[in-house]
Every structure is written in structure tokens, then in C-alpha cells.
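A.B. asks: What follows is a single structure, and I will ask about it in a moment.
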2 protein chains.
Amino acid sequence: MRKITSISIIGTGNVAFHLGNALFEKGVIIEQVYGRNQQEASVLARSWNCKTTFKLSEINSDLVLVCVSDNAIIPLISQLPSDVNVAYTSGAVGLLNFHERKNVGVFYPLQTFSKSKSVKISEVPFLIEADSVEFAEDLFELAWKISDNLIFANSEDRKNYHLAAVFINNFTNHLIYQAKNHLDKNTLNWKLLLPLLTETIDKIKTIDPFDAQTGPARRKDLETIRSHEVLLEGIPKEIYTLITKSIIDTYHQNDKL
Amino acid sequence: MRKITSISIIGTGNVAFHLGNALFEKGVIIEQVYGRNQQEASVLARSWNCKTTFKLSEINSDLVLVCVSDNAIIPLISQLPSDVNVAYTSGAVGLLNFHERKNVGVFYPLQTFSKSKSVKISEVPFLIEADSVEFAEDLFELAWKISDNLIFANSEDRKNYHLAAVFINNFTNHLIYQAKNHLDKNTLNWKLLLPLLTETIDKIKTIDPFDAQTGPARRKDLETIRSHEVLLEGIPKEIYTLITKSIIDTYHQNDKL
């Protein structure tokens with residue numbers, strides 16, 4: 001296969017936005033953008049100096065990069081010409097097998113993206129997989145233009161990384177939301193927690209998270225735990241109780257009764 | 001009251017270690033250290049150029065700083081001479097009232113400490129409370145030597161900050177531990193998650209955590225969620241299911257059925 005020098009992008013969300021920008025800035029030609037949301041597609045097309053399209057069956061670039069929700073991947077790829085090369089950006093969808101179609105691959109950035117926040121794309125790990133060694137190498141070469149942190153990973157490994165990423169990012173972000181929400185409700189200043197948040201992550205870079213654990217559950221301080229639980233209700237209380245149990249189980253499973 | 005120029009420290013754990021070091025480096029004289037663990041007390045005493053003691057009833061400094069687990073605070077303070085000034089470092093224990101004793105206060109650093117990890121103490125918020133305005137001001141002045149980030153907070157506010165800190169630090173750290181554990185079990189490289197971890201926190205500094213949320217639960221992508229759940233078992237699976245439910249409730253409560 002020839003090298004990938006031009007692409008089309010399907011999707012206008014956070015991943016399409018950041019990958020498209022990074023590739024465009026490295027000189028990759030973006031030929032067409034397809035999106036359900038025509039306005040967002042137009043904005044991206046203008047910024048990448050290309051056109052929007054409605055006609056998936058007429059897309060013809062070196063690669064079509066499919067940056068959409070997992071459940072939309074198969075229906076969209078099925079509408080593309082059968083001889084076009086495609087890669088999708090999902091962490092969870094195993095390598096797809098369309099019988100009539102060759103050169104199907106995965107181009108998965110292990111990162112959280114929001115349009116309003118820039119990301120150091122050069123440090124983002126890209127997990128690459130494809131139905132042939134040659135196409136995998138082409139995708140690797142494309143990813144290499146924007147990141148120094150590439151690995152080939154099969155579908156199972158990728159799914160496990162994605163699951164870990166859900167804990168590391170999605171779930172921690174939600175806990176931070178819950179903490180902020182609790183402080184907001186009590187008209188307290190959430191910014192006071194920012195040094196703690198920074199240190200939480202700094203710590204993990206030098207100390208194993210098992211050893212970094214502190215707090216009432218780590219000490220099995222049941223009195224403090226109960227005094228916290230009375231301040232909570234509903235799902236936040238359930239979360240408090242379950243994670244506390246998990247920490248106590250992790251550190252005190254061999255305690256004598 | 002005269003200013004606090006000399007202190008004694010009760011406790012040899014992470015908080016005693018970091019607060020003692022910071023105060024010592026700012027010229028505060030540490031007179032005595034008391035700890036259940038005599039070896040750790042000796043190490044700290046040598047580094048602060050002071051003595052260890054077993055006799056709580058004979059301690060006599062401008063302030064005794066009590067850096068111990070919540071359930072040990074009352075028994076230890078009760079052994080001190082009744083005219084000595086004391087402050088303890090707990091987030092959860094309300095301002096204590098010992099009838100015969102005056103000048104009782106709280107000197108609570110809103111941070112996670114481990115001995116093996118240095119901390120920018122100057123950025124750590126200290127929450128100060130005391131049984132008199134004068135003593136609160138003395139404690140404020142002492143904290144000012146080591147941090148620029150001080151607030152007076154009553155017991156209820158302090159407890160709410162502490163609860164939020166448990167979510168922000170203890171719980172997120174445990175989720176990171178769970179993620180690492182999952183990758184370790186599958187012989188995958190946990191270091192690949194570090195850019196995501198850094199970005200998770202960077203993001204929160206500029207985007208509200210409500211808006212920063214991404215991932216399958218945010219999109220209510222039930223298929224991906226189920227495919228993750230089959231990879232998990234036991235408490236990690238319960239955690240996955242509960243936090244996922246919490247995220248879906250947060251973002252999709254008004255979805256039409």
C-alpha cells in the first residue's frame with residue numbers, strides 16, 4: 001500500500017477534533033469531513049481547508065478515520081466504498097471483520113479529549129491494530145507523525161487498557177465532580193482542594209498507588225467513616241461505602257478479628 | 001498569649017514527619033517527640049535535634065502538636081498537663097472541649113502525606129480553629145511560617161472539606177490502584193496510563209469536572225459498559241457498576257424513555 005498522505009474524517013466530536021487538528025498541523029491533507037451535525041462539520045471543514053460531505057459511498061482518500069461512538073462504527077463503515085482503507089478510534093470495539101473489505105484497522109488514542117482543552121498529543125499513547133501487517137505499519141507511520149508513544153496492541157489488550165482508562169479518568173473525574181458538588185452544596189470553596197488533587201497525581205509518579213494510599217479507610221478508622229456517611233445520602237453515600245469497603249479489604253484482609 | 005516559638009510533637013507518622021520538618025526548617029524549636037514507636041521517634045528526634053519522651057505529663061512547650069489517628073487524640077491530650085496549649089491535625093474531629101483545659105485548637109493540613117514523598121508545604125491549605133480568638137491567631141501565625149494558604153474553618157466546614165478530600169484523594173488513589181491491578185493481572189504496561197492520569201487533573205484546572213466528563217457512561221454506551229463488566233469480578237465490578245450508574249444518572253436523568 002502507498003503511504004497515507006490524505007485522509008477523510010467521519011465524526012465531529014472531541015476525538016475527531018483533536019486528531020484532525022494534530023494531523024492537519026503535521027501536513028496530512030484532510031479531504032472530507034462527514035458528520036451528523038452539519039454545523040460542526042462545517043466548522044471543522046473550514047479550519048482544515050476541506051469540504052464536508054453527505055455521501056459516504058463517494059469518499060475516496062488514502063484513509064478514512066472513523067471517530068464516532070462505538071455503536072455507530074459498523075453502520076458508518078458499511079456505507080463506505082468497499083475498497084477504501086478505514087481505521088476507527090475506539091478502545092472497546094474489537095478488530096472488525098467485514099468479509100468483502102480489506103485494510104481495516106484501529107487507531108486508538110489512550111487519552112481524554114474535550115474540545116475546549118488542548119492536549120500534548122505527542123505524549124498520547126496510540127494503540128494500533130490492523131488486519132494486515134502492512135496496513136498496521138501504515139497506521140503506525142501516520143500516528144508517528146503526531147505521537148512518540150505508539151504500540152501495537154491486539155483487541156483484548158486494547159479493551160483492557162480502555163477499561164483501566166475508564167477507572168483512571170472517567171471514574172476519578174466523577175469522584176472529583178462528587179466532591180465539588182458536596183462542597184458547592186455546603187457553600188464551601190472547592191479551589192482549596194486543588195493542591196490535594198495535584199499532589200494525588202504527583203505522588204503516583206514516584207510511589208506505587210498501593211503504597212500511596214492514606215485516609216480513614218486505609219487506617220480502618222470506623223468512627224470517622226461513620227461520621228462521613230451521615231453527611232451523605234443517595235448514590236454518593238453508596239459510592240463512599242463501597243470504595244471504603246474496597247480499601248479496607250485491600251489493606252486489612254489479614255487483620256485478626 | 002506569647003507567640004509560639006517552641007513545640008513538642010506527639011506522633012511519628014506521615015503528618016508528624018512533614019509538619020515537623022517544615023516547622024523545624026523555619027526555625028521553630030522542636031523540644032520533644034512522643035511516639036508509640038520508639039524507633040521512629042528516635043529518628044525524628046535526631047533529625048530535629050531534640051529528645052524523645054515517654055512522659056506526656058511532663059511536656060511543657062509553647063504548643064503541643066498532636067499528629068495522631070483520630071481515635072488516639074483524646075486519650076493522649078488527656079495525659080498532658082492541663083495548662084499546656086494543644087492543637088491536633090485531624091480533619092474529622094470537631095473542636096474538643098476539655099473542661100479544665102484552655103487553648104485547644106485544630107491545625108489541619110488539607111493534603112495527603114507519605115514520608116517518602118516531599119510536598120510543597122507552602123501551597124497546602126491549613127484549616128485553623130481554636131477555642132479562643134487569641135489562640136486561633138497564634139496557630140494562624142505558626143501556620144503562616146510554612147504556608148501561604150490559610151483559612152479559619154469551623155468544625156462542620158472542616159469535616160466537609162475532609163470528606164471531599166477523601167473523594168478527591170483517597171478514593172481516586174484507590175481507583176488508580178484498581179486500574180493498575182487490572183493491568184498487572186493482564187501483564188499490561190501501567191505506565192501507558194500516566195499521560196491520561198496527568199491530563200485528567202490538568203483538565204480539571206480549566207474545565208469544570210461536570211463538563212470534563214467523557215467515556216462510555218457519559219455517552220450511555222450500554223454495550224461498551226457490558227463488555228467491560230464481563231472483564232471484571234468482585235468488588236472492582238461492583239465499583240464499575242455503581243460509578244457508571246452514578247454517571248448515567250448525572251447526565252441522562254432527563255432522557256426520554
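Residues in the C-alpha cells are named by chain (A, B, ... in the order shown) and by number from 1 within that chain; ligands are numbered from 1 in the order shown.
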Name the residues in contact with range 106-110 of chain B at a cut-off of 6 Å, using only C-alpha atoms, excluding same-chain residues fewer than 6 positions from it; report them as a PyMOL selection string.

C.D. replies: chain B and resi 87-90+125-129

A.B. asks: For the residues selected in the previous step, produce a file with N, CA and C atoms as a compact mmCIF listing (two decimals), in the first residue's frame.

C.D. replies:
# COMPACT_ATOMS: atom_id res chain seq x y z
N ALA B 87 -2.82 21.59 69.93
CA ALA B 87 -3.57 21.60 68.68
C ALA B 87 -3.41 20.23 68.03
N TYR B 88 -4.46 19.78 67.40
CA TYR B 88 -4.38 18.48 66.71
C TYR B 88 -4.67 18.67 65.23
N THR B 89 -4.28 17.67 64.44
CA THR B 89 -4.22 17.84 62.98
C THR B 89 -5.33 17.09 62.24
N SER B 90 -6.40 16.81 62.92
CA SER B 90 -7.45 15.98 62.32
C SER B 90 -8.42 16.78 61.45
N PRO B 125 -3.28 24.04 52.00
CA PRO B 125 -4.23 24.80 52.82
C PRO B 125 -4.21 24.28 54.26
N PHE B 126 -4.11 25.20 55.21
CA PHE B 126 -4.25 24.84 56.62
C PHE B 126 -5.57 25.38 57.14
N LEU B 127 -6.36 24.52 57.73
CA LEU B 127 -7.64 24.93 58.32
C LEU B 127 -7.43 25.06 59.83
N ILE B 128 -7.69 26.26 60.32
CA ILE B 128 -7.38 26.62 61.71
C ILE B 128 -8.67 26.83 62.49
N GLU B 129 -8.70 26.30 63.69
CA GLU B 129 -9.86 26.53 64.58
C GLU B 129 -9.32 26.48 66.01

A.B. asks: Kindly provide the residues of chain B that approach chain A to within 6 Å, each paired with its closest atom pair and their distance in Å to one decimal, based on only C-alpha atoms, listed by chain and increasing number, as JSON lines.

C.D. replies:
{"residue": "B:Gln111", "atom": "CA", "partner": "A:Leu196", "partner_atom": "CA", "distance": 5.1}
{"residue": "B:Ala164", "atom": "CA", "partner": "A:Ala179", "partner_atom": "CA", "distance": 4.6}
{"residue": "B:Phe167", "atom": "CA", "partner": "A:Leu175", "partner_atom": "CA", "distance": 5.9}
{"residue": "B:Ile168", "atom": "CA", "partner": "A:Ile176", "partner_atom": "CA", "distance": 5.4}
{"residue": "B:Asn169", "atom": "CA", "partner": "A:Thr200", "partner_atom": "CA", "distance": 5.7}
{"residue": "B:Thr172", "atom": "CA", "partner": "A:Thr172", "partner_atom": "CA", "distance": 5.1}
{"residue": "B:Leu175", "atom": "CA", "partner": "A:Phe167", "partner_atom": "CA", "distance": 5.9}
{"residue": "B:Ile176", "atom": "CA", "partner": "A:Ile168", "partner_atom": "CA", "distance": 5.4}
{"residue": "B:Tyr177", "atom": "CA", "partner": "A:Pro209", "partner_atom": "CA", "distance": 5.1}
{"residue": "B:Ala179", "atom": "CA", "partner": "A:Ala164", "partner_atom": "CA", "distance": 4.6}
{"residue": "B:Leu196", "atom": "CA", "partner": "A:Gln111", "partner_atom": "CA", "distance": 5.1}
{"residue": "B:Thr200", "atom": "CA", "partner": "A:Asn169", "partner_atom": "CA", "distance": 5.7}
{"residue": "B:Pro209", "atom": "CA", "partner": "A:Tyr177", "partner_atom": "CA", "distance": 5.1}
{"residue": "B:Phe210", "atom": "CA", "partner": "A:Tyr177", "partner_atom": "CA", "distance": 6.0}

A.B. asks: Would you write out those residues with C-alpha atoms, as an mmCIF file, in the first residue's frame?

C.D. replies:
data_model
loop_
_atom_site.group_PDB
_atom_site.id
_atom_site.type_symbol
_atom_site.label_atom_id
_atom_site.label_comp_id
_atom_site.auth_asym_id
_atom_site.auth_seq_id
_atom_site.Cartn_x
_atom_site.Cartn_y
_atom_site.Cartn_z
ATOM 1 C CA GLN B 111 -3.161 17.323 51.995
ATOM 2 C CA ALA B 164 -14.378 15.962 49.923
ATOM 3 C CA PHE B 167 -13.189 11.508 47.486
ATOM 4 C CA ILE B 168 -10.520 13.636 45.799
ATOM 5 C CA ASN B 169 -7.513 11.766 47.125
ATOM 6 C CA THR B 172 -9.240 8.372 43.310
ATOM 7 C CA LEU B 175 -9.370 3.622 41.663
ATOM 8 C CA ILE B 176 -5.918 4.148 40.213
ATOM 9 C CA TYR B 177 -4.741 1.181 42.267
ATOM 10 C CA ALA B 179 -6.728 0.138 37.311
ATOM 11 C CA LEU B 196 -4.066 10.096 30.793
ATOM 12 C CA THR B 200 -7.296 14.067 33.911
ATOM 13 C CA PRO B 209 -15.456 18.438 36.341
ATOM 14 C CA PHE B 210 -19.092 18.241 35.240
#

A.B. asks: Identify all residues of range 36-67 of chain B in helix (DSSP H, G or I) (DSSP on the backbone) and supply them as a CSV table (one decimal) with C-alpha atoms, in the first residue's frame.

C.D. replies:
chain,number,residue,atom,x,y,z
B,38,GLN,CA,10.2,4.4,69.9
B,39,GLN,CA,12.5,3.8,66.9
B,40,GLU,CA,10.6,6.2,64.7
B,41,ALA,CA,10.5,8.7,67.5
B,42,SER,CA,14.3,8.5,67.8
B,43,VAL,CA,14.8,9.0,64.1
B,44,LEU,CA,12.7,12.1,64.2
B,45,ALA,CA,14.3,13.4,67.4
B,46,ARG,CA,17.7,13.1,65.9
B,47,SER,CA,16.7,14.9,62.7
B,56,LEU,CA,3.3,13.1,78.5
B,57,SER,CA,2.6,14.6,81.9
B,58,GLU,CA,5.9,16.5,81.9

A.B. asks: What separation in Å, quoted to one decimal, exists between CA of Phe98 in chain B and CA of Asp62 in chain B?

C.D. replies: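 Spanning CA of Phe98 in chain B to CA of Asp62 in chain B is a straight-line distance of 18.4 Å.
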
A.B. asks: Could you name the residues that touch Ile59 in chain A at 10 Å or less, counting only C-alpha atoms, but leaving out those on the same chain fewer than 2 positions away, as a list in words?

C.D. replies: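 Contacts, with the query itself left out: Ile7, Ser8, Ile9, Glu31, Gln32, Val33, Tyr34, Thr53, Phe54, Lys55, Leu56, Ser57, Ser61, Asp62, Leu63, Val64, Gln79, Leu80, Pro81 and Val84 of chain A.
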
A.B. asks: For the atom pair CA of Cys50 in chain B and CA of Phe24 in chain B, what is the interatomic distance in Å to one decimal place?

C.D. replies: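 Straight-line distance from CA of Cys50 in chain B to CA of Phe24 in chain B works out to 10.6 Å.
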
A.B. asks: Could you check which of B:Lys237, B:Asn154, B:Lys3, B:Pro75 is closest to Phe140 in chain B, using only C-alpha atoms?

C.D. replies: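 Smallest separation from Phe140 in chain B among the options: B:Lys3.
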
A.B. asks: Of the candidates A:Ala72, A:Ile146, A:Val15, A:Ala153, which one gets nearest to Gly105 in chain A if we count only C-alpha atoms?

C.D. replies: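 So, comparing all the options, the nearest one is A:Ala153.
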
A.B. asks: Taking only range 3-239 of chain A into account, list the residues labelled strand (DSSP E or B) by DSSP (computed from the backbone), as a PyMOL selection string.

C.D. replies: chain A and resi 6-10+29-34+51-52+63-66+86-88+104-109+114+117+126-130+150-152
